[in-house]
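Trainee: Please find one structure pasted underneath; my questions will follow.
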Amino acid sequence: MFDSAIFLSDDHKHRYYVPVAFTGTIWHVNGETKLSRTLWPLPGGSGNYMSALLWILAKVQATDSVGEVVAAMMNHFVLTSAKAAKSYLRVGDALGLIEVTASSVYLTKAGAAYLKKPSSTALQAALRQNIQGCEELLAILRKRPLRIGRLLEEMAKEGHGWTTDSQLRYRLRWLEEAGVVERRGKGRPEYRLVSLSGAAAPLAID
């Protein structure tokens with residue numbers, strides 16, 4: 001998603017990756033659209049994604065060692081395996097907020113901006129800019145509320161051939177966290193659009 005050019009922040013205490021050309025709603029690298037196909041939840045479950053994400057970003061700001069961040073995550077979130085911690089770390093990477101290599105992890109400029117001024121609007125932008133299927137999902141919900149089974153059918157028409165509803169459900173949960181989607185009812189809830197801030201504008205970077 002980002003090139004390997006690194007520059008120092010004003011206080012020279014942390015490194016960030018410089019994003020490649022941004023065209024308004026999605027990142028392009030060498031002329032190709034780069035969106036993450038997978039998205040996962042974070043510890044704490046629905047309603048706690050933002051707080052968990054902020055904790056992870058703050059830890060990444062403090063150290064660029066994957067090992068140190070993973071160890072801290074295992075302790076803080078009471079995880080039993082490093083593999084689970086790394087999978088959670090990859091969520092920040094998918095959202096374009098951190099860059100992860102084999103042994104190092106860095107905040108991107110967007111990640112630094114989000115950590116400085118977190119908001120549901122900024123989270124919405126990160127989802128729409130970086131996660132495959134979010135724009136299509138929101139476009140479908142603009143037309144009418146739907147249950148997850150019908151949403152899965154509509155997303156299949158858009159080219160998302162998921163064999164289960166897991167990836168769709170994770171996107172819905174994250175969009176709920178961003179305040180743009182809500183569930184109505186129990187058992188077989190209906191998903192509906194709450195609010196949408198127009199096109200997915202780039203995250204504000206001071």
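Naming scheme: A, B, ... for chains in displayed order of the structure tokens; residues 1 onward per chain; ligands 1 onward as shown.
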Taking 3 positions as the minimum chain separation for residues in the same chain, which residues sit within 6 Å of segment 122-126 of chain A when counting only C-alpha atoms? Answer as a PyMOL selection string.
Mentor: chain A and resi 95+119+129-130+178+200
Trainee: May I have the residues within 12 Å of segment 81-90 of chain A as a ChimeraX atom specification, using only C-alpha atoms and disregarding those fewer than 4 positions away in the same chain?
Mentor: /A:36,38-44,49,52-57,59-60,66-77,94-107
Trainee: Between atom CA of Arg142 of chain A and atom CA of Gly161 of chain A, what is the distance, to one decimal in Å?
Mentor: 21.2 Å
Trainee: Using backbone DSSP assignments, extract all helix (DSSP H, G or I) residues from segment 30-177 of chain A; output them as a PyMOL selection string.
Mentor: chain A and resi 49-62+66-76+82-94+109-116+120-130+134-143+148-157+166-177
Trainee: Between atom CA of Lys117 of chain A and atom CA of Ser51 of chain A, measure the distance and give it in Å to one decimal.
Mentor: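 Spanning atom CA of Lys117 of chain A to atom CA of Ser51 of chain A is a straight-line distance of 12.9 Å.
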Trainee: Find the residue from A:Lys34, A:Thr108, A:Gly159, A:Glu177 that sits nearest to Met50 of chain A; use only C-alpha atoms when measuring.
Mentor: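 Smallest separation from Met50 of chain A among the options: A:Glu177.
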Trainee: State, in Å with one decimal place, the distance from atom CA of Leu141 of chain A to atom CA of Ser46 of chain A.
Mentor: 20.0 Å
Trainee: Name the residues in contact with Gly179 of chain A at a cut-off of 8 Å, using only C-alpha atoms, excluding same-chain residues fewer than 5 positions from it; report them as an NGL selection string.
Mentor: :A and (120-121 or 124 or 194-195)
Trainee: Between A:Pro118, A:Leu127, A:Leu35, A:Gln61, which has the minimum distance to Glu176 of chain A (counting only C-alpha atoms)?
Mentor: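 Of A:Pro118, A:Leu127, A:Leu35, A:Gln61, the one nearest Glu176 of chain A is A:Leu127, counting only C-alpha atoms.
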Trainee: Env of Glu153 of chain A: 10 Å cut, atoms = only C-alpha atoms, seq-sep filter 5 positions within chain, self excluded. Answer as a PyMOL selection string.
Mentor: chain A and resi 148+158+160-162+165
Trainee: Just want the 12 Å neighbourhood of Gly149 of chain A, counted on only C-alpha atoms, with same-chain residues fewer than 5 positions away dropped. Output as number ranges by chain.
Mentor: A: 154-156, 162-166, 168-169, 188-191
Trainee: Which of these residues is nearest to Cys134 of chain A, using only C-alpha atoms: A:Arg171, A:Lys186, A:Arg37, A:Arg192?
Mentor: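 Looking at the shortest contact to Cys134 of chain A, the residue is A:Arg171.
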Trainee: To test your reading of the structure, identify every residue in segment 23-118 of chain A that backbone DSSP assigns to strand (DSSP E), and report it as a list of chain:residue names.
Mentor: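 Here is the list: A:His28, A:Val29, A:Glu32, A:Thr33, A:Ile98, A:Glu99, A:Val100, A:Val105, A:Tyr106, A:Leu107, A:Thr108.
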Trainee: With C-alpha atoms kept, could you save the residues just selected as a compact mmCIF listing (two decimals), in the first residue's frame?
Mentor:
# COMPACT_ATOMS: atom_id res chain seq x y z
CA HIS A 28 -2.85 3.50 -6.24
CA VAL A 29 0.60 1.96 -6.51
CA GLU A 32 -2.90 -0.54 -9.60
CA THR A 33 -5.60 -0.19 -6.95
CA ILE A 98 0.59 1.10 10.18
CA GLU A 99 3.18 -0.62 8.02
CA VAL A 100 4.35 -4.07 9.11
CA VAL A 105 6.31 -1.87 12.47
CA TYR A 106 5.73 1.83 11.85
CA LEU A 107 2.88 4.30 11.93
CA THR A 108 1.99 5.63 8.50
Trainee: Could you tell me which of A:Pro145, A:Val91, A:Ala139, A:Tyr114 comes closest to Tyr170 of chain A if we count only C-alpha atoms?
Mentor: A:Val91
